[in-house]
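Engineer: This is the content of protein.tsv (TSV, C-alpha atoms):
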```tsv
chain	number	residue	atom	x	y	z
A	165	MET	CA	231.50	-42.64	-48.03
A	166	HIS	CA	229.62	-41.65	-44.86
A	167	LYS	CA	225.84	-41.07	-44.90
A	168	ALA	CA	223.84	-38.80	-42.59
A	169	GLY	CA	220.47	-37.13	-42.61
A	170	PHE	CA	217.36	-35.96	-40.81
A	171	VAL	CA	214.43	-38.39	-40.83
A	172	ASN	CA	211.40	-36.51	-39.52
A	173	ILE	CA	208.25	-38.23	-38.25
A	174	VAL	CA	204.92	-36.43	-38.65
A	175	GLY	CA	201.24	-37.35	-38.49
A	176	ASN	CA	198.05	-36.84	-36.51
A	177	PRO	CA	197.80	-37.51	-32.75
A	178	ASN	CA	197.35	-41.04	-31.45
A	179	VAL	CA	198.66	-42.93	-34.50
A	180	GLY	CA	201.70	-44.38	-32.69
A	181	LYS	CA	204.46	-41.97	-33.75
A	182	SER	CA	206.27	-42.04	-30.40
A	183	THR	CA	206.22	-45.84	-30.22
A	184	LEU	CA	207.70	-45.97	-33.73
A	185	MET	CA	210.37	-43.39	-32.80
A	186	ASN	CA	211.48	-45.49	-29.82
A	187	GLN	CA	211.61	-48.65	-31.96
A	188	LEU	CA	213.73	-46.94	-34.62
A	189	VAL	CA	216.13	-45.34	-32.14
A	190	GLY	CA	216.30	-48.41	-29.88
A	191	GLU	CA	216.04	-46.15	-26.83
A	192	ARG	CA	213.15	-44.74	-24.82
A	193	ILE	CA	213.37	-41.18	-26.19
A	194	SER	CA	209.70	-40.22	-26.69
A	195	ILE	CA	206.97	-40.77	-24.14
A	196	ALA	CA	204.31	-43.07	-25.51
A	197	THR	CA	200.90	-43.39	-23.86
A	198	PHE	CA	197.44	-44.27	-25.12
A	199	LYS	CA	196.37	-40.62	-24.93
A	200	ALA	CA	196.42	-38.19	-27.85
A	201	GLN	CA	198.71	-35.14	-27.85
A	202	THR	CA	201.32	-36.93	-25.71
A	203	THR	CA	204.25	-35.41	-27.59
A	204	ARG	CA	204.39	-31.62	-27.22
A	205	HIS	CA	207.94	-30.88	-28.40
A	206	ARG	CA	210.09	-31.91	-31.34
A	207	ILE	CA	212.40	-34.61	-29.96
A	208	MET	CA	215.48	-35.94	-31.74
A	209	GLY	CA	216.91	-39.43	-31.33
A	210	ILE	CA	220.28	-40.15	-32.97
A	211	VAL	CA	221.34	-43.53	-34.35
A	212	ASN	CA	225.05	-43.95	-35.14
A	213	THR	CA	227.06	-46.61	-36.97
A	214	ASP	CA	230.55	-46.39	-38.47
A	215	GLU	CA	229.06	-45.64	-41.89
A	216	MET	CA	226.05	-43.46	-41.06
A	217	GLN	CA	224.17	-41.20	-38.68
A	218	ILE	CA	220.36	-41.08	-38.72
A	219	VAL	CA	218.80	-38.16	-36.84
A	220	PHE	CA	215.20	-39.18	-36.15
A	221	SER	CA	212.82	-36.43	-35.10
A	222	ASP	CA	209.45	-37.08	-33.43
A	223	THR	CA	206.98	-34.19	-33.62
A	224	PRO	CA	203.66	-33.38	-31.92
A	225	GLY	CA	200.54	-34.67	-33.62
A	226	VAL	CA	199.17	-32.45	-36.38
A	227	LEU	CA	195.96	-30.76	-35.23
A	228	LYS	CA	193.91	-27.63	-35.67
A	229	PRO	CA	195.06	-25.44	-32.74
A	230	ASN	CA	192.57	-24.22	-30.13
A	231	TYR	CA	195.05	-22.37	-27.90
A	232	LYS	CA	198.65	-21.10	-27.94
A	233	LEU	CA	200.20	-24.36	-26.73
A	234	GLN	CA	198.65	-26.21	-29.70
A	235	GLU	CA	199.83	-23.45	-32.06
A	236	SER	CA	203.37	-24.11	-30.84
A	237	MET	CA	202.88	-27.87	-31.25
A	238	LEU	CA	201.76	-27.37	-34.86
A	239	ALA	CA	204.79	-25.12	-35.46
A	240	PHE	CA	207.09	-27.98	-34.35
A	241	SER	CA	205.40	-30.30	-36.87
A	242	GLU	CA	205.59	-27.79	-39.72
A	243	SER	CA	209.27	-27.11	-38.98
A	244	ALA	CA	209.87	-30.83	-39.59
A	245	LEU	CA	208.84	-30.33	-43.23
A	246	GLN	CA	211.58	-27.74	-43.74
A	247	ASP	CA	214.75	-29.66	-42.83
A	248	ALA	CA	213.92	-33.31	-43.56
A	249	ASP	CA	216.03	-35.49	-45.84
A	250	VAL	CA	213.40	-38.23	-45.53
A	251	LEU	CA	209.86	-37.68	-44.22
A	252	LEU	CA	207.88	-40.41	-42.45
A	253	TYR	CA	204.15	-39.64	-42.44
A	254	VAL	CA	202.45	-41.93	-39.93
A	255	THR	CA	198.78	-42.84	-40.11
A	256	ASP	CA	196.84	-45.91	-38.95
A	257	VAL	CA	193.99	-48.15	-40.08
A	258	VAL	CA	191.20	-46.02	-38.55
A	259	GLU	CA	192.29	-42.44	-39.22
A	260	ASN	CA	190.33	-40.28	-41.63
A	261	PRO	CA	192.86	-39.00	-44.22
A	262	GLU	CA	190.84	-35.80	-44.68
A	263	LYS	CA	191.36	-34.78	-41.03
A	264	ASN	CA	194.21	-32.33	-41.65
A	265	ARG	CA	194.09	-31.82	-45.38
A	266	ASP	CA	196.04	-28.52	-45.32
A	267	PHE	CA	199.07	-30.19	-43.76
A	268	LEU	CA	198.74	-33.17	-46.11
A	269	ASP	CA	198.74	-30.88	-49.14
A	270	LYS	CA	202.11	-29.49	-47.98
A	271	VAL	CA	203.48	-33.04	-47.69
A	272	ALA	CA	202.22	-33.88	-51.20
A	273	LYS	CA	204.28	-31.01	-52.66
A	274	MET	CA	207.56	-32.09	-51.06
A	275	THR	CA	210.40	-33.14	-53.36
A	276	ILE	CA	212.29	-35.25	-50.80
A	277	PRO	CA	211.46	-38.97	-50.28
A	278	VAL	CA	208.21	-39.43	-48.34
A	279	ILE	CA	207.33	-42.79	-46.78
A	280	LEU	CA	203.71	-43.19	-45.70
A	281	LEU	CA	203.46	-45.64	-42.80
A	282	ILE	CA	200.11	-47.30	-42.13
A	283	ASN	CA	200.45	-48.31	-38.47
A	284	LYS	CA	198.42	-50.78	-36.34
A	285	ILE	CA	197.82	-53.18	-39.23
A	286	ASP	CA	197.25	-55.94	-36.65
A	287	GLU	CA	193.89	-54.20	-36.04
A	288	SER	CA	192.78	-54.60	-39.66
A	289	ASP	CA	192.30	-57.26	-42.37
A	290	GLN	CA	193.73	-57.65	-45.85
A	291	GLN	CA	190.69	-56.29	-47.69
A	292	LYS	CA	190.39	-53.18	-45.52
A	293	LEU	CA	194.13	-52.57	-45.69
A	294	GLY	CA	194.04	-52.69	-49.49
A	295	ASP	CA	191.30	-50.02	-49.53
A	296	ILE	CA	193.31	-47.83	-47.13
A	297	VAL	CA	196.46	-48.11	-49.27
A	298	GLU	CA	194.47	-47.15	-52.37
A	299	LYS	CA	192.98	-44.07	-50.70
A	300	TRP	CA	196.36	-42.85	-49.41
A	301	HIS	CA	197.99	-43.48	-52.79
A	302	THR	CA	195.46	-41.04	-54.29
A	303	LEU	CA	196.28	-38.39	-51.68
A	304	LEU	CA	200.08	-38.85	-51.73
A	305	PRO	CA	200.85	-40.34	-55.17
A	306	ASN	CA	204.63	-39.88	-54.85
A	307	ALA	CA	204.95	-41.49	-51.41
A	308	GLU	CA	206.17	-45.01	-50.77
A	309	ILE	CA	203.56	-46.85	-48.68
A	310	LEU	CA	204.59	-49.33	-46.01
A	311	PRO	CA	202.16	-51.13	-43.65
A	312	ILE	CA	203.64	-51.61	-40.16
A	313	SER	CA	202.83	-52.44	-36.55
A	314	ALA	CA	205.16	-50.31	-34.41
A	315	LYS	CA	203.93	-51.94	-31.18
A	316	ASN	CA	204.76	-55.43	-32.49
A	317	LYS	CA	207.81	-54.19	-34.42
A	318	PHE	CA	206.42	-55.60	-37.67
A	319	GLY	CA	207.92	-53.84	-40.70
A	320	VAL	CA	210.25	-51.66	-38.61
A	321	ASP	CA	213.45	-53.43	-39.75
A	322	MET	CA	212.34	-53.13	-43.38
A	323	LEU	CA	211.65	-49.43	-42.84
A	324	LEU	CA	215.08	-48.91	-41.28
A	325	ALA	CA	216.77	-50.61	-44.25
A	326	ARG	CA	214.87	-48.37	-46.68
A	327	ILE	CA	215.80	-45.23	-44.73
A	328	LYS	CA	219.48	-46.21	-44.92
A	329	GLU	CA	219.17	-46.49	-48.71
A	330	LEU	CA	217.62	-43.01	-48.98
A	331	LEU	CA	220.08	-41.14	-46.75
A	332	PRO	CA	222.32	-38.61	-48.55
A	333	ASP	CA	226.11	-38.73	-48.42
A	334	SER	CA	227.16	-36.43	-45.60
A	335	PRO	CA	229.45	-36.17	-42.58
A	336	PRO	CA	227.70	-36.62	-39.19
A	337	TYR	CA	225.76	-33.67	-37.76
A	338	PHE	CA	226.22	-34.64	-34.11
A	339	ASP	CA	228.88	-36.23	-31.94
A	340	LYS	CA	228.89	-40.01	-32.40
A	341	GLU	CA	228.27	-40.57	-28.67
A	342	GLN	CA	225.17	-38.36	-28.63
A	343	LEU	CA	221.74	-40.01	-28.37
A	344	THR	CA	219.52	-36.93	-28.48
A	345	ASP	CA	219.59	-33.15	-28.74
A	346	LYS	CA	217.68	-32.73	-25.47
A	347	PRO	CA	219.27	-32.14	-22.04
A	348	ALA	CA	218.74	-34.47	-19.07
A	349	ARG	CA	216.22	-32.12	-17.44
A	350	PHE	CA	213.96	-32.40	-20.49
A	351	PHE	CA	213.58	-36.15	-19.93
A	352	VAL	CA	212.85	-35.62	-16.24
A	353	ASN	CA	209.96	-33.37	-17.29
A	354	GLU	CA	208.72	-35.81	-19.92
A	355	ILE	CA	208.84	-38.87	-17.66
A	356	ILE	CA	206.91	-37.15	-14.87
A	357	ARG	CA	204.38	-35.87	-17.42
A	358	GLU	CA	204.02	-39.39	-18.82
A	359	LYS	CA	203.02	-40.72	-15.39
A	360	ILE	CA	200.44	-37.93	-15.07
A	361	LEU	CA	199.04	-38.86	-18.49
A	362	LEU	CA	198.74	-42.47	-17.32
A	363	TYR	CA	197.24	-41.94	-13.87
A	364	TYR	CA	194.80	-39.03	-14.24
A	365	ASP	CA	191.58	-38.81	-16.25
A	366	LYS	CA	189.82	-36.28	-18.44
A	367	GLU	CA	191.34	-32.83	-18.92
A	368	ILE	CA	193.87	-32.94	-16.08
A	369	PRO	CA	196.91	-34.19	-18.11
A	370	TYR	CA	196.40	-31.54	-20.79
A	371	SER	CA	196.37	-28.75	-18.18
A	372	VAL	CA	199.72	-29.90	-16.77
A	373	GLU	CA	203.31	-28.94	-17.53
A	374	VAL	CA	206.44	-29.99	-15.62
A	375	ARG	CA	209.66	-28.10	-15.00
A	376	CYS	CA	212.80	-29.65	-13.51
A	377	GLU	CA	214.13	-26.88	-11.27
A	378	SER	CA	217.11	-28.70	-9.80
A	379	PHE	CA	219.22	-31.57	-11.18
A	380	LYS	CA	222.28	-32.40	-9.07
A	381	GLU	CA	224.28	-35.40	-10.24
A	382	LYS	CA	226.58	-37.25	-7.85
A	383	ASP	CA	228.69	-40.41	-8.30
A	384	ASN	CA	225.87	-42.90	-7.78
A	385	ARG	CA	222.82	-40.67	-7.29
A	386	ILE	CA	220.89	-37.79	-8.85
A	387	ASP	CA	218.90	-35.37	-6.69
A	388	ILE	CA	215.98	-33.89	-8.61
A	389	ARG	CA	213.45	-31.22	-7.70
A	390	ALA	CA	210.53	-30.83	-10.11
A	391	VAL	CA	207.45	-28.61	-10.12
A	392	ILE	CA	204.16	-29.72	-11.67
A	393	TYR	CA	202.20	-26.72	-12.96
A	394	VAL	CA	198.40	-26.72	-13.30
A	395	GLU	CA	195.96	-23.97	-14.31
A	396	ARG	CA	193.51	-24.04	-11.36
A	397	GLU	CA	193.44	-24.71	-7.61
A	398	SER	CA	190.94	-27.54	-8.16
A	399	GLN	CA	193.44	-29.27	-10.48
A	400	LYS	CA	196.16	-28.89	-7.85
A	401	GLY	CA	193.94	-30.75	-5.39
A	402	ILE	CA	193.35	-33.56	-7.89
A	403	ILE	CA	197.07	-33.92	-8.67
A	404	ILE	CA	197.97	-34.10	-4.96
A	405	GLY	CA	195.01	-36.32	-4.02
A	406	HIS	CA	193.66	-37.15	-0.56
A	407	GLN	CA	196.52	-36.91	1.96
A	408	GLY	CA	198.98	-36.65	-0.94
A	409	VAL	CA	198.39	-40.23	-2.11
A	410	ALA	CA	197.99	-39.44	-5.84
A	411	LEU	CA	201.14	-37.30	-6.03
A	412	LYS	CA	203.12	-39.89	-4.11
A	413	LYS	CA	202.07	-42.59	-6.60
A	414	VAL	CA	203.11	-40.46	-9.60
A	415	SER	CA	206.42	-39.55	-7.95
A	416	THR	CA	207.20	-43.17	-7.09
A	417	GLU	CA	206.48	-44.40	-10.61
A	418	ALA	CA	208.45	-41.52	-12.11
A	419	ARG	CA	211.42	-42.23	-9.83
A	420	LYS	CA	211.50	-45.91	-10.91
A	421	THR	CA	211.49	-44.93	-14.60
A	422	LEU	CA	214.10	-42.22	-14.06
A	423	GLU	CA	216.39	-44.74	-12.33
A	424	LYS	CA	216.16	-47.00	-15.38
A	425	PHE	CA	216.65	-44.08	-17.77
A	426	PHE	CA	219.73	-42.63	-16.02
A	427	ASP	CA	220.97	-45.92	-14.51
A	428	LYS	CA	221.47	-44.23	-11.11
A	429	HIS	CA	219.63	-43.95	-7.82
A	430	ILE	CA	217.19	-41.04	-7.91
A	431	PHE	CA	216.04	-38.81	-5.06
A	432	LEU	CA	212.95	-37.03	-6.43
A	433	GLU	CA	211.03	-34.18	-4.85
A	434	THR	CA	207.82	-33.03	-6.57
A	435	TYR	CA	205.71	-29.95	-5.88
A	436	VAL	CA	202.50	-28.65	-7.43
A	437	LYS	CA	201.93	-24.97	-8.31
A	438	VAL	CA	199.10	-23.08	-9.99
A	439	ASP	CA	200.03	-21.02	-13.08
A	440	LYS	CA	196.75	-19.67	-14.43
A	441	ASP	CA	196.25	-20.11	-18.19
A	442	TRP	CA	199.88	-21.06	-18.89
A	443	ARG	CA	198.71	-22.72	-22.13
A	444	GLN	CA	197.61	-19.30	-23.44
A	445	ASN	CA	200.51	-17.19	-22.17
A	446	ALA	CA	203.29	-16.71	-24.73
A	447	LYS	CA	205.94	-15.82	-22.12
A	448	GLU	CA	205.12	-18.83	-19.95
A	449	LEU	CA	205.16	-21.15	-22.99
A	450	GLU	CA	208.58	-19.83	-23.92
A	451	LYS	CA	209.85	-20.69	-20.42
A	452	PHE	CA	208.62	-24.25	-20.96
A	453	GLY	CA	210.59	-24.48	-24.21
A	454	TYR	CA	207.84	-23.94	-26.77
A	455	GLU	CA	208.47	-22.05	-29.99
A	456	GLN	CA	206.63	-18.75	-30.38
A	457	ASN	CA	205.78	-17.18	-33.73
```
Using structure tokens, write down the structure from this file.
Structural biologist:
Amino acid sequence: MHKAGFVNIVGNPNVGKSTLMNQLVGERISIATFKAQTTRHRIMGIVNTDEMQIVFSDTPGVLKPNYKLQESMLAFSESALQDADVLLYVTDVVENPEKNRDFLDKVAKMTIPVILLINKIDESDQQKLGDIVEKWHTLLPNAEILPISAKNKFGVDMLLARIKELLPDSPPYFDKEQLTDKPARFFVNEIIREKILLYYDKEIPYSVEVRCESFKEKDNRIDIRAVIYVERESQKGIIIGHQGVALKKVSTEARKTLEKFFDKHIFLETYVKVDKDWRQNAKELEKFGYEQN
């Protein structure tokens, strides 16, 4: 009998969800940086064997939205509660469980298997970990609790084995050769945005969105044209940098990662444009692939 199911990953920002997703899928599907709110979309990574198909889904961090972009991000996370066969709720050893109680209450009412993952246990001790487990057991009494370290891959194999046990009997949902539900252009956008998250400080990364406008694949090369959108002229100047040095650095690092990701030579052109208040504009958000209520 073949098994298949959706395993959705939810939790607050900055608890290591994207790192865990990449460990489970065995591919670099989600961008993972040290900054909160890195993941903005719901991203699927598909694991196939002869006997099963696991469709992992990484979602944006759960937060109280301050603008339309964050409303869309929360909608992606809440949609993950609707179609999951197994839910992975990720926390860590420093997070306050009361932070997003409304969302947690929805998780507590779910009838499907819920596995609570306490990440970053290498940053804690046995006594503190015991107290954390006890507190979470009170909040989610029906959840299985598993301490892990996604970065060090501790507990990930055990988690994968447990997921396989919980999967329902089902034919596969996707083609067996498929790794993700996202098109190539999506990963171009994400990889460039990851470099911006890594190389710029303060509010700049959160005011940025990327759109791949041209993706032309040849036998041994891909020609890519991408536009980096910011909200203000001053941010455009920061992204470009003095004599274009900052933009060149981001483009070079993005090109290297893209070459590894696609296993081809990449010719990458990047431009910067101002799109005032794109984070608040429903039509603009829709163009960038965000769900609108």
Engineer: Could you please determine the separation between CA of Trp442 in chain A and CA of Pro347 in chain A in Å, to one decimal place?
Structural biologist: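 CA of Pro347 in chain A lies at a distance of 22.6 Å from CA of Trp442 in chain A.
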Engineer: For Asn306 in chain A, work out the shell of residues within 10 Å, counting all atoms listed in the file and skipping chain neighbours fewer than 2 positions away, then give it as a PyMOL selection string.
Structural biologist: chain A and resi 271-280+301-304+308-309
Engineer: Using all atoms listed in the file, determine which residues lie at most 10 Å from Phe426 in chain A, disregarding the query and same-chain residues fewer than 4 positions distant; provide the list as a list of chain:residue names.
Structural biologist: A:Ala348, A:Phe351, A:Val352, A:Arg385, A:Ile386, A:Thr421, A:Leu422, A:Ile430
Engineer: Need the shell around Glu373 in chain A: protein/DNA/RNA residues with any atom at most 10 Å away, counting all atoms listed in the file. Skip same-chain ones fewer than 5 positions apart. Format as a PDB file with C-alpha atoms, keeping the file's coordinate frame?
Structural biologist:
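Wrote out21.pdb, looks like this:
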```pdb
ATOM      1  CA  ASN A 353     209.960 -33.370 -17.290  1.00  0.00           C
ATOM      2  CA  GLU A 354     208.720 -35.810 -19.920  1.00  0.00           C
ATOM      3  CA  ILE A 356     206.910 -37.150 -14.870  1.00  0.00           C
ATOM      4  CA  ARG A 357     204.380 -35.870 -17.420  1.00  0.00           C
ATOM      5  CA  ILE A 360     200.440 -37.930 -15.070  1.00  0.00           C
ATOM      6  CA  VAL A 391     207.450 -28.610 -10.120  1.00  0.00           C
ATOM      7  CA  ILE A 392     204.160 -29.720 -11.670  1.00  0.00           C
ATOM      8  CA  TYR A 393     202.200 -26.720 -12.960  1.00  0.00           C
ATOM      9  CA  VAL A 394     198.400 -26.720 -13.300  1.00  0.00           C
ATOM     10  CA  GLU A 395     195.960 -23.970 -14.310  1.00  0.00           C
ATOM     11  CA  ASP A 439     200.030 -21.020 -13.080  1.00  0.00           C
ATOM     12  CA  TRP A 442     199.880 -21.060 -18.890  1.00  0.00           C
ATOM     13  CA  ARG A 443     198.710 -22.720 -22.130  1.00  0.00           C
ATOM     14  CA  LEU A 449     205.160 -21.150 -22.990  1.00  0.00           C
ATOM     15  CA  PHE A 452     208.620 -24.250 -20.960  1.00  0.00           C
TER      16      PHE A 452
END
```
Engineer: Hey, what's within 10 Å of Phe220 in chain A if we count all atoms listed in the file and toss same-chain stuff fewer than 2 positions away? As a ChimeraX atom specification, please?
Structural biologist: /A:169-173,185-186,188-189,207-211,217-218,222-223,248,250-252,344
Engineer: Given the selection you just returned, output its residues as a file containing C-alpha atoms, formatted as a short mmCIF file (atom, residue, chain, number, x, y, z; two decimals), in the frame of the given file.
Structural biologist:
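Listing of again-v1.cif after writing:
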```cif
data_model
loop_
_atom_site.label_atom_id
_atom_site.label_comp_id
_atom_site.auth_asym_id
_atom_site.auth_seq_id
_atom_site.Cartn_x
_atom_site.Cartn_y
_atom_site.Cartn_z
CA GLY A 169 220.47 -37.13 -42.61
CA PHE A 170 217.36 -35.96 -40.81
CA VAL A 171 214.43 -38.39 -40.83
CA ASN A 172 211.40 -36.51 -39.52
CA ILE A 173 208.25 -38.23 -38.25
CA MET A 185 210.37 -43.39 -32.80
CA ASN A 186 211.48 -45.49 -29.82
CA LEU A 188 213.73 -46.94 -34.62
CA VAL A 189 216.13 -45.34 -32.14
CA ILE A 207 212.40 -34.61 -29.96
CA MET A 208 215.48 -35.94 -31.74
CA GLY A 209 216.91 -39.43 -31.33
CA ILE A 210 220.28 -40.15 -32.97
CA VAL A 211 221.34 -43.53 -34.35
CA GLN A 217 224.17 -41.20 -38.68
CA ILE A 218 220.36 -41.08 -38.72
CA ASP A 222 209.45 -37.08 -33.43
CA THR A 223 206.98 -34.19 -33.62
CA ALA A 248 213.92 -33.31 -43.56
CA VAL A 250 213.40 -38.23 -45.53
CA LEU A 251 209.86 -37.68 -44.22
CA LEU A 252 207.88 -40.41 -42.45
CA THR A 344 219.52 -36.93 -28.48
#
```
Engineer: Report the distance between CA of Val179 in chain A and CA of Arg375 in chain A in Å, rounded to one decimal place.
Structural biologist: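 A separation of 26.9 Å between them.
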Engineer: Fewer than 6 positions away in the same chain doesn't count, so skip those; otherwise give me all residues within 10 Å of Leu310 in chain A, counting only C-alpha atoms, as an MDAnalysis selection string.
Structural biologist: chainID A and resid 254 279:283 297 319:320 322:323
Engineer: Between CA of His166 in chain A and CA of Asp214 in chain A, what distance in Å does the model show, to one decimal?
Structural biologist: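 Distance between the two atoms: 8.0 Å.
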Engineer: Go through A:Arg396, A:Lys424, A:Lys284, A:Lys340 and flag the residue nearest Lys315 in chain A, using only C-alpha atoms for the distances.
Structural biologist: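 Among the listed residues, A:Lys284 lies closest to Lys315 in chain A.
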Engineer: Taking into account all atoms listed in the file, which residue in the set A:Val414, A:Ala325, A:Leu361, A:Ala390 is nearest to Leu432 in chain A?
Structural biologist: A:Ala390
Engineer: Go through A:Asp249, A:Glu381, A:Glu259, A:Glu341 and flag the residue nearest His429 in chain A, using all atoms listed in the file for the distances.
Structural biologist: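 For His429 in chain A, the nearest of the candidates is A:Glu381.
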Engineer: Looking at all atoms listed in the file, which of A:Phe425, A:Phe431, A:Tyr364, A:Tyr337 is the one that sits closest to Ser378 in chain A?
Structural biologist: A:Phe431
Engineer: Name the closest residue to Cys376 in chain A among the candidates A:Glu433, A:Gly405, A:Glu423, A:Leu331; distances are taken between atoms, counting all atoms listed in the file.
Structural biologist: A:Glu433
Engineer: Since the input lacks atoms, please generate all heavy atoms for range 425-432 of chain A and provide them as a PDB file, in the frame of the given file.
Structural biologist:
```
ATOM      1  N   PHE A 425     216.217 -44.961 -16.688  1.00  0.00           N
ATOM      2  CA  PHE A 425     216.650 -44.080 -17.770  1.00  0.00           C
ATOM      3  C   PHE A 425     218.089 -43.606 -17.550  1.00  0.00           C
ATOM      4  O   PHE A 425     218.914 -43.616 -18.466  1.00  0.00           O
ATOM      5  CB  PHE A 425     215.708 -42.878 -17.869  1.00  0.00           C
ATOM      6  CG  PHE A 425     215.927 -42.014 -19.075  1.00  0.00           C
ATOM      7  CD1 PHE A 425     215.276 -42.291 -20.268  1.00  0.00           C
ATOM      8  CD2 PHE A 425     216.768 -40.913 -19.024  1.00  0.00           C
ATOM      9  CE1 PHE A 425     215.475 -41.498 -21.386  1.00  0.00           C
ATOM     10  CE2 PHE A 425     216.978 -40.110 -20.135  1.00  0.00           C
ATOM     11  CZ  PHE A 425     216.328 -40.407 -21.321  1.00  0.00           C
ATOM     12  N   PHE A 426     218.408 -43.176 -16.313  1.00  0.00           N
ATOM     13  CA  PHE A 426     219.730 -42.630 -16.020  1.00  0.00           C
ATOM     14  C   PHE A 426     220.701 -43.666 -15.436  1.00  0.00           C
ATOM     15  O   PHE A 426     221.895 -43.389 -15.300  1.00  0.00           O
ATOM     16  CB  PHE A 426     219.616 -41.450 -15.047  1.00  0.00           C
ATOM     17  CG  PHE A 426     218.979 -40.231 -15.630  1.00  0.00           C
ATOM     18  CD1 PHE A 426     217.702 -39.839 -15.251  1.00  0.00           C
ATOM     19  CD2 PHE A 426     219.641 -39.463 -16.577  1.00  0.00           C
ATOM     20  CE1 PHE A 426     217.103 -38.706 -15.791  1.00  0.00           C
ATOM     21  CE2 PHE A 426     219.062 -38.326 -17.129  1.00  0.00           C
ATOM     22  CZ  PHE A 426     217.780 -37.952 -16.736  1.00  0.00           C
ATOM     23  N   ASP A 427     220.162 -44.848 -15.095  1.00  0.00           N
ATOM     24  CA  ASP A 427     220.970 -45.920 -14.510  1.00  0.00           C
ATOM     25  C   ASP A 427     221.692 -45.443 -13.240  1.00  0.00           C
ATOM     26  O   ASP A 427     222.871 -45.718 -13.027  1.00  0.00           O
ATOM     27  CB  ASP A 427     221.989 -46.452 -15.531  1.00  0.00           C
ATOM     28  CG  ASP A 427     222.551 -47.818 -15.124  1.00  0.00           C
ATOM     29  OD1 ASP A 427     221.884 -48.520 -14.343  1.00  0.00           O
ATOM     30  OD2 ASP A 427     223.659 -48.162 -15.571  1.00  0.00           O
ATOM     31  N   LYS A 428     220.961 -44.705 -12.406  1.00  0.00           N
ATOM     32  CA  LYS A 428     221.470 -44.230 -11.110  1.00  0.00           C
ATOM     33  C   LYS A 428     220.324 -44.188 -10.116  1.00  0.00           C
ATOM     34  O   LYS A 428     219.154 -44.136 -10.506  1.00  0.00           O
ATOM     35  CB  LYS A 428     222.070 -42.817 -11.246  1.00  0.00           C
ATOM     36  CG  LYS A 428     223.453 -42.772 -11.870  1.00  0.00           C
ATOM     37  CD  LYS A 428     224.078 -41.395 -11.705  1.00  0.00           C
ATOM     38  CE  LYS A 428     225.530 -41.408 -12.192  1.00  0.00           C
ATOM     39  NZ  LYS A 428     226.204 -40.122 -11.937  1.00  0.00           N
ATOM     40  N   HIS A 429     220.652 -44.177  -8.831  1.00  0.00           N
ATOM     41  CA  HIS A 429     219.630 -43.950  -7.820  1.00  0.00           C
ATOM     42  C   HIS A 429     219.122 -42.519  -7.953  1.00  0.00           C
ATOM     43  O   HIS A 429     219.885 -41.595  -8.225  1.00  0.00           O
ATOM     44  CB  HIS A 429     220.202 -44.157  -6.411  1.00  0.00           C
ATOM     45  CG  HIS A 429     220.581 -45.584  -6.127  1.00  0.00           C
ATOM     46  ND1 HIS A 429     219.647 -46.602  -6.133  1.00  0.00           N
ATOM     47  CD2 HIS A 429     221.770 -46.149  -5.826  1.00  0.00           C
ATOM     48  CE1 HIS A 429     220.250 -47.743  -5.860  1.00  0.00           C
ATOM     49  NE2 HIS A 429     221.548 -47.498  -5.677  1.00  0.00           N
ATOM     50  N   ILE A 430     217.812 -42.351  -7.768  1.00  0.00           N
ATOM     51  CA  ILE A 430     217.190 -41.040  -7.910  1.00  0.00           C
ATOM     52  C   ILE A 430     216.524 -40.634  -6.598  1.00  0.00           C
ATOM     53  O   ILE A 430     215.778 -41.414  -6.000  1.00  0.00           O
ATOM     54  CB  ILE A 430     216.123 -41.050  -9.033  1.00  0.00           C
ATOM     55  CG1 ILE A 430     216.747 -41.426 -10.388  1.00  0.00           C
ATOM     56  CG2 ILE A 430     215.399 -39.704  -9.102  1.00  0.00           C
ATOM     57  CD1 ILE A 430     217.639 -40.393 -11.014  1.00  0.00           C
ATOM     58  N   PHE A 431     216.798 -39.415  -6.151  1.00  0.00           N
ATOM     59  CA  PHE A 431     216.040 -38.810  -5.060  1.00  0.00           C
ATOM     60  C   PHE A 431     215.188 -37.727  -5.700  1.00  0.00           C
ATOM     61  O   PHE A 431     215.711 -36.741  -6.236  1.00  0.00           O
ATOM     62  CB  PHE A 431     216.966 -38.217  -3.998  1.00  0.00           C
ATOM     63  CG  PHE A 431     216.224 -37.517  -2.894  1.00  0.00           C
ATOM     64  CD1 PHE A 431     215.502 -38.238  -1.950  1.00  0.00           C
ATOM     65  CD2 PHE A 431     216.222 -36.128  -2.819  1.00  0.00           C
ATOM     66  CE1 PHE A 431     214.803 -37.592  -0.941  1.00  0.00           C
ATOM     67  CE2 PHE A 431     215.518 -35.473  -1.818  1.00  0.00           C
ATOM     68  CZ  PHE A 431     214.807 -36.210  -0.872  1.00  0.00           C
ATOM     69  N   LEU A 432     213.856 -37.915  -5.696  1.00  0.00           N
ATOM     70  CA  LEU A 432     212.950 -37.030  -6.430  1.00  0.00           C
ATOM     71  C   LEU A 432     212.000 -36.312  -5.488  1.00  0.00           C
ATOM     72  O   LEU A 432     211.268 -36.944  -4.726  1.00  0.00           O
ATOM     73  CB  LEU A 432     212.153 -37.850  -7.459  1.00  0.00           C
ATOM     74  CG  LEU A 432     211.071 -37.098  -8.246  1.00  0.00           C
ATOM     75  CD1 LEU A 432     211.675 -36.014  -9.124  1.00  0.00           C
ATOM     76  CD2 LEU A 432     210.259 -38.092  -9.101  1.00  0.00           C
TER      77      LEU A 432
END
```
